[in-house]
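Engineer: Take a look at this one; I'll ask things after.
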Amino acid sequence: MYGEVKKCEQQIEFDKKFILESEKQFKNRKKASEYYVSKGWEYFYKNEDDTSMKRFNQAWLLDNSNPQIYWGFGNLLGKKKEFVESVKYLQKSIDMDPNNVKVYECISTSYGQMFYTTKDIKYLNLGIENLKKAIKIEPRNGRALGGLANMYAYFMQKDSLIKYIKKTDEIDSKFVNPEVREIAKKK
């Protein structure tokens, strides 16, 4: 996507060469895209964000129907604290693959950060809504359950907060922030 700017003739030619080389090296564009997505994640986890973005862009050039690409874009933008843009790409990934629990967790994190900076309750509600979708797909997801407990700490709904702390603890207590446990005790 290359920053969504118009490409010059030289860039277009470079893209064509890249696509031809990839088609020779891999079975098809889809396989090539999957390879570059894997490289995008590899660099993402090494905190080499520019290289990661380059690999996701290469994957997009080969197959823009791959939802993993938009998940990668969304996570990279989230790391840059560009949460509105992050949500846009994460939602596109969800629209393409509504069963990827991890993308729901990621979009919830971006909404949580938007709430944290704006204090607009609609973002907290959107974060909760997405975590509930993740749990509907994967009921024993400790990260999502812990995320719900953490989000409910901002509401005066002690019953929901305690409910999700207990559900998370059944799976793995490390997913609940210790400060959230203190909030649950005080309310």
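Naming scheme: A, B, ... for chains in displayed order of the structure tokens; residues 1 onward per chain; ligands 1 onward as shown.
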What's around Pro67 in chain A at 7 Å? Count only C-alpha atoms, leave out sequence neighbours fewer than 6 positions away in its own chain, and write the answer as a CSV table (one decimal) with N, CA and C atoms, in the first residue's frame.

Structural biologist:
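The resulting file, selection16.csv, is shown below:
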```
chain,number,residue,atom,x,y,z
A,93,SER,N,-9.3,-6.5,8.5
A,93,SER,CA,-8.9,-7.8,8.6
A,93,SER,C,-10.0,-8.7,9.2
A,96,MET,N,-12.6,-9.5,6.6
A,96,MET,CA,-12.2,-10.5,5.7
A,96,MET,C,-12.1,-11.9,6.4
A,97,ASP,N,-11.8,-11.9,7.7
A,97,ASP,CA,-11.7,-13.2,8.4
A,97,ASP,C,-12.3,-12.9,9.8
```

Engineer: Quick one: residues within 9 Å of Met53 in chain A, only C-alpha atoms, excluding same-chain residues fewer than 3 positions away - as an mmCIF file with N, CA, C and O atoms, in the first residue's frame?

Structural biologist:
```
data_model
loop_
_atom_site.group_PDB
_atom_site.id
_atom_site.type_symbol
_atom_site.label_atom_id
_atom_site.label_comp_id
_atom_site.auth_asym_id
_atom_site.auth_seq_id
_atom_site.Cartn_x
_atom_site.Cartn_y
_atom_site.Cartn_z
ATOM 1 N N TYR A 2 2.071 1.090 0.473
ATOM 2 C CA TYR A 2 3.097 2.132 0.339
ATOM 3 C C TYR A 2 2.608 3.526 0.713
ATOM 4 O O TYR A 2 2.781 4.479 -0.042
ATOM 5 N N GLY A 40 6.934 -10.469 7.561
ATOM 6 C CA GLY A 40 6.433 -9.270 8.243
ATOM 7 C C GLY A 40 6.288 -9.503 9.734
ATOM 8 O O GLY A 40 6.710 -8.690 10.547
ATOM 9 N N TYR A 43 9.789 -9.832 11.512
ATOM 10 C CA TYR A 43 10.404 -8.532 11.802
ATOM 11 C C TYR A 43 9.609 -7.742 12.825
ATOM 12 O O TYR A 43 10.175 -6.991 13.624
ATOM 13 N N PHE A 44 8.299 -7.920 12.848
ATOM 14 C CA PHE A 44 7.455 -7.259 13.845
ATOM 15 C C PHE A 44 7.916 -7.669 15.249
ATOM 16 O O PHE A 44 8.094 -6.816 16.116
ATOM 17 N N GLU A 48 11.627 -4.584 14.397
ATOM 18 C CA GLU A 48 12.167 -3.930 13.215
ATOM 19 C C GLU A 48 10.971 -3.495 12.362
ATOM 20 O O GLU A 48 10.640 -4.098 11.339
ATOM 21 N N ASP A 49 10.324 -2.440 12.832
ATOM 22 C CA ASP A 49 9.024 -2.046 12.299
ATOM 23 C C ASP A 49 9.072 -1.605 10.834
ATOM 24 O O ASP A 49 8.149 -1.910 10.072
ATOM 25 N N ASP A 50 10.105 -0.888 10.428
ATOM 26 C CA ASP A 50 10.188 -0.453 9.023
ATOM 27 C C ASP A 50 10.294 -1.651 8.081
ATOM 28 O O ASP A 50 9.628 -1.697 7.050
ATOM 29 N N PHE A 56 5.015 -6.533 4.850
ATOM 30 C CA PHE A 56 3.551 -6.564 4.729
ATOM 31 C C PHE A 56 3.111 -5.867 3.444
ATOM 32 O O PHE A 56 2.171 -6.312 2.787
ATOM 33 N N ASN A 57 3.784 -4.797 3.083
ATOM 34 C CA ASN A 57 3.461 -4.114 1.827
ATOM 35 C C ASN A 57 3.749 -5.006 0.623
ATOM 36 O O ASN A 57 2.977 -5.023 -0.341
ATOM 37 N N GLN A 58 4.842 -5.739 0.679
ATOM 38 C CA GLN A 58 5.148 -6.666 -0.418
ATOM 39 C C GLN A 58 4.084 -7.753 -0.507
ATOM 40 O O GLN A 58 3.658 -8.124 -1.606
ATOM 41 N N GLY A 72 -1.393 -7.060 10.260
ATOM 42 C CA GLY A 72 -0.030 -6.554 10.433
ATOM 43 C C GLY A 72 0.027 -5.036 10.366
ATOM 44 O O GLY A 72 0.644 -4.388 11.218
ATOM 45 N N PHE A 73 -0.635 -4.457 9.360
ATOM 46 C CA PHE A 73 -0.676 -2.992 9.251
ATOM 47 C C PHE A 73 -1.256 -2.386 10.530
ATOM 48 O O PHE A 73 -0.732 -1.416 11.074
ATOM 49 N N LEU A 76 1.189 -2.604 13.475
ATOM 50 C CA LEU A 76 2.296 -1.650 13.318
ATOM 51 C C LEU A 76 1.835 -0.222 13.592
ATOM 52 O O LEU A 76 2.538 0.547 14.256
#
```

Engineer: For range 31-37 of chain A, find every residue with an atom within 8 Å (counting only C-alpha atoms), except residues of its own chain fewer than 6 positions away, and show them as an mmCIF file with all heavy atoms, in the first residue's frame.

Structural biologist:
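Wrote part.cif, looks like this:
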```cif
data_model
loop_
_atom_site.group_PDB
_atom_site.id
_atom_site.type_symbol
_atom_site.label_atom_id
_atom_site.label_comp_id
_atom_site.auth_asym_id
_atom_site.auth_seq_id
_atom_site.Cartn_x
_atom_site.Cartn_y
_atom_site.Cartn_z
ATOM 1 N N SER A 22 8.688 -12.998 -7.779
ATOM 2 C CA SER A 22 7.967 -13.772 -6.765
ATOM 3 C C SER A 22 7.200 -14.926 -7.395
ATOM 4 O O SER A 22 7.148 -16.020 -6.838
ATOM 5 C CB SER A 22 7.006 -12.866 -5.990
ATOM 6 O OG SER A 22 7.732 -11.914 -5.252
ATOM 7 N N GLU A 23 6.599 -14.669 -8.552
ATOM 8 C CA GLU A 23 5.861 -15.734 -9.243
ATOM 9 C C GLU A 23 6.795 -16.851 -9.689
ATOM 10 O O GLU A 23 6.402 -18.016 -9.708
ATOM 11 C CB GLU A 23 5.108 -15.156 -10.440
ATOM 12 C CG GLU A 23 3.906 -14.330 -10.032
ATOM 13 C CD GLU A 23 3.200 -13.662 -11.196
ATOM 14 O OE1 GLU A 23 3.838 -13.417 -12.248
ATOM 15 O OE2 GLU A 23 2.009 -13.369 -11.045
ATOM 16 N N GLN A 25 9.652 -17.647 -8.076
ATOM 17 C CA GLN A 25 10.189 -18.266 -6.867
ATOM 18 C C GLN A 25 9.156 -19.117 -6.122
ATOM 19 O O GLN A 25 9.495 -20.126 -5.521
ATOM 20 C CB GLN A 25 10.739 -17.173 -5.938
ATOM 21 C CG GLN A 25 11.459 -17.703 -4.727
ATOM 22 C CD GLN A 25 12.033 -16.561 -3.891
ATOM 23 O OE1 GLN A 25 11.888 -15.398 -4.208
ATOM 24 N NE2 GLN A 25 12.673 -16.928 -2.801
ATOM 25 N N ARG A 55 7.681 -5.700 4.404
ATOM 26 C CA ARG A 55 7.272 -7.070 4.067
ATOM 27 C C ARG A 55 5.750 -7.184 3.948
ATOM 28 O O ARG A 55 5.248 -7.849 3.047
ATOM 29 C CB ARG A 55 7.805 -8.066 5.096
ATOM 30 C CG ARG A 55 9.309 -8.145 5.164
ATOM 31 C CD ARG A 55 9.939 -8.582 3.851
ATOM 32 N NE ARG A 55 11.371 -8.467 3.914
ATOM 33 C CZ ARG A 55 12.106 -7.652 3.170
ATOM 34 N NH1 ARG A 55 11.532 -6.884 2.257
ATOM 35 N NH2 ARG A 55 13.408 -7.584 3.302
ATOM 36 N N PHE A 56 5.015 -6.533 4.850
ATOM 37 C CA PHE A 56 3.551 -6.564 4.729
ATOM 38 C C PHE A 56 3.111 -5.867 3.444
ATOM 39 O O PHE A 56 2.171 -6.312 2.787
ATOM 40 C CB PHE A 56 2.878 -5.928 5.953
ATOM 41 C CG PHE A 56 2.872 -6.824 7.168
ATOM 42 C CD1 PHE A 56 3.501 -6.436 8.337
ATOM 43 C CD2 PHE A 56 2.236 -8.059 7.144
ATOM 44 C CE1 PHE A 56 3.494 -7.246 9.457
ATOM 45 C CE2 PHE A 56 2.220 -8.887 8.259
ATOM 46 C CZ PHE A 56 2.856 -8.475 9.420
ATOM 47 N N GLN A 58 4.842 -5.739 0.679
ATOM 48 C CA GLN A 58 5.148 -6.666 -0.418
ATOM 49 C C GLN A 58 4.084 -7.753 -0.507
ATOM 50 O O GLN A 58 3.658 -8.124 -1.606
ATOM 51 C CB GLN A 58 6.549 -7.276 -0.226
ATOM 52 C CG GLN A 58 7.654 -6.270 -0.481
ATOM 53 C CD GLN A 58 9.009 -6.800 -0.078
ATOM 54 O OE1 GLN A 58 9.172 -7.468 0.944
ATOM 55 N NE2 GLN A 58 10.031 -6.481 -0.884
ATOM 56 N N ALA A 59 3.656 -8.245 0.641
ATOM 57 C CA ALA A 59 2.586 -9.254 0.663
ATOM 58 C C ALA A 59 1.316 -8.676 0.055
ATOM 59 O O ALA A 59 0.626 -9.347 -0.722
ATOM 60 C CB ALA A 59 2.339 -9.730 2.093
ATOM 61 N N TRP A 60 1.001 -7.428 0.387
ATOM 62 C CA TRP A 60 -0.193 -6.765 -0.142
ATOM 63 C C TRP A 60 -0.102 -6.635 -1.665
ATOM 64 O O TRP A 60 -1.083 -6.847 -2.368
ATOM 65 C CB TRP A 60 -0.343 -5.383 0.501
ATOM 66 C CG TRP A 60 -1.477 -4.596 -0.052
ATOM 67 C CD1 TRP A 60 -2.790 -4.660 0.326
ATOM 68 C CD2 TRP A 60 -1.418 -3.643 -1.102
ATOM 69 N NE1 TRP A 60 -3.544 -3.800 -0.425
ATOM 70 C CE2 TRP A 60 -2.718 -3.155 -1.315
ATOM 71 C CE3 TRP A 60 -0.385 -3.139 -1.896
ATOM 72 C CZ2 TRP A 60 -3.019 -2.197 -2.276
ATOM 73 C CZ3 TRP A 60 -0.682 -2.184 -2.851
ATOM 74 C CH2 TRP A 60 -1.985 -1.728 -3.036
ATOM 75 N N LEU A 61 1.074 -6.304 -2.145
ATOM 76 C CA LEU A 61 1.276 -6.151 -3.586
ATOM 77 C C LEU A 61 0.985 -7.464 -4.318
ATOM 78 O O LEU A 61 0.449 -7.470 -5.416
ATOM 79 C CB LEU A 61 2.718 -5.711 -3.842
ATOM 80 C CG LEU A 61 3.093 -5.272 -5.238
ATOM 81 C CD1 LEU A 61 2.284 -4.069 -5.677
ATOM 82 C CD2 LEU A 61 4.585 -4.924 -5.274
ATOM 83 N N LEU A 62 1.284 -8.564 -3.672
ATOM 84 C CA LEU A 62 1.085 -9.882 -4.277
ATOM 85 C C LEU A 62 -0.341 -10.406 -4.130
ATOM 86 O O LEU A 62 -0.844 -11.104 -5.011
ATOM 87 C CB LEU A 62 2.073 -10.881 -3.662
ATOM 88 C CG LEU A 62 3.538 -10.611 -4.020
ATOM 89 C CD1 LEU A 62 4.465 -11.278 -3.028
ATOM 90 C CD2 LEU A 62 3.811 -11.082 -5.439
ATOM 91 N N ASP A 63 -0.991 -10.107 -3.006
ATOM 92 C CA ASP A 63 -2.342 -10.624 -2.760
ATOM 93 C C ASP A 63 -3.029 -9.753 -1.717
ATOM 94 O O ASP A 63 -2.916 -10.001 -0.516
ATOM 95 C CB ASP A 63 -2.278 -12.076 -2.275
ATOM 96 C CG ASP A 63 -3.647 -12.656 -1.953
ATOM 97 O OD1 ASP A 63 -4.669 -12.068 -2.356
ATOM 98 O OD2 ASP A 63 -3.689 -13.707 -1.287
ATOM 99 N N ASN A 66 -5.436 -11.000 1.470
ATOM 100 C CA ASN A 66 -4.926 -11.732 2.615
ATOM 101 C C ASN A 66 -5.194 -10.913 3.892
ATOM 102 O O ASN A 66 -4.584 -9.857 4.088
ATOM 103 C CB ASN A 66 -3.418 -11.982 2.426
ATOM 104 C CG ASN A 66 -2.821 -12.818 3.521
ATOM 105 O OD1 ASN A 66 -3.336 -12.873 4.635
ATOM 106 N ND2 ASN A 66 -1.707 -13.454 3.218
ATOM 107 N N GLN A 68 -4.282 -11.275 6.892
ATOM 108 C CA GLN A 68 -3.115 -11.139 7.776
ATOM 109 C C GLN A 68 -2.353 -9.837 7.511
ATOM 110 O O GLN A 68 -1.769 -9.268 8.424
ATOM 111 C CB GLN A 68 -2.173 -12.324 7.570
ATOM 112 C CG GLN A 68 -2.700 -13.628 8.077
ATOM 113 C CD GLN A 68 -2.056 -14.025 9.376
ATOM 114 O OE1 GLN A 68 -0.954 -13.608 9.688
ATOM 115 N NE2 GLN A 68 -2.743 -14.830 10.149
ATOM 116 N N ILE A 69 -2.385 -9.382 6.278
ATOM 117 C CA ILE A 69 -1.689 -8.149 5.912
ATOM 118 C C ILE A 69 -2.273 -6.973 6.694
ATOM 119 O O ILE A 69 -1.538 -6.174 7.281
ATOM 120 C CB ILE A 69 -1.803 -7.893 4.395
ATOM 121 C CG1 ILE A 69 -1.090 -8.997 3.615
ATOM 122 C CG2 ILE A 69 -1.269 -6.514 4.028
ATOM 123 C CD1 ILE A 69 -1.459 -9.049 2.136
#
```

Engineer: If we count only C-alpha atoms, what is near Leu131 in chain A at a cut-off of 6 Å, once residues fewer than 3 positions away on the same chain are taken out, given as a list of chain:residue names?

Structural biologist: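 Using only C-alpha atoms, the neighbours found are A:Ile128, A:Ala134, A:Ala144.
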
Engineer: Name the closest residue to Thr118 in chain A among the candidates A:Ile165, A:Val84, A:Ile19, A:Ile135; distances are taken between atoms, counting only C-alpha atoms.

Structural biologist: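 Of A:Ile165, A:Val84, A:Ile19, A:Ile135, the one nearest Thr118 in chain A is A:Val84, counting only C-alpha atoms.
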
Engineer: From a DSSP pass on the backbone, collect the residues of range 1-167 of chain A flagged as helix (DSSP H, G or I) and hand them back as a ChimeraX atom specification.

Structural biologist: /A:2-4,9-25,29-45,49-62,67-79,83-96,101-118,121-137,142-152,158-167

Engineer: Determine the nearest neighbour of Pro139 in chain A from the options A:Phe115, A:Phe155, A:Tyr164, A:Tyr123, counting only C-alpha atoms.

Structural biologist: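 Under the stated criterion, the closest residue is A:Tyr164.
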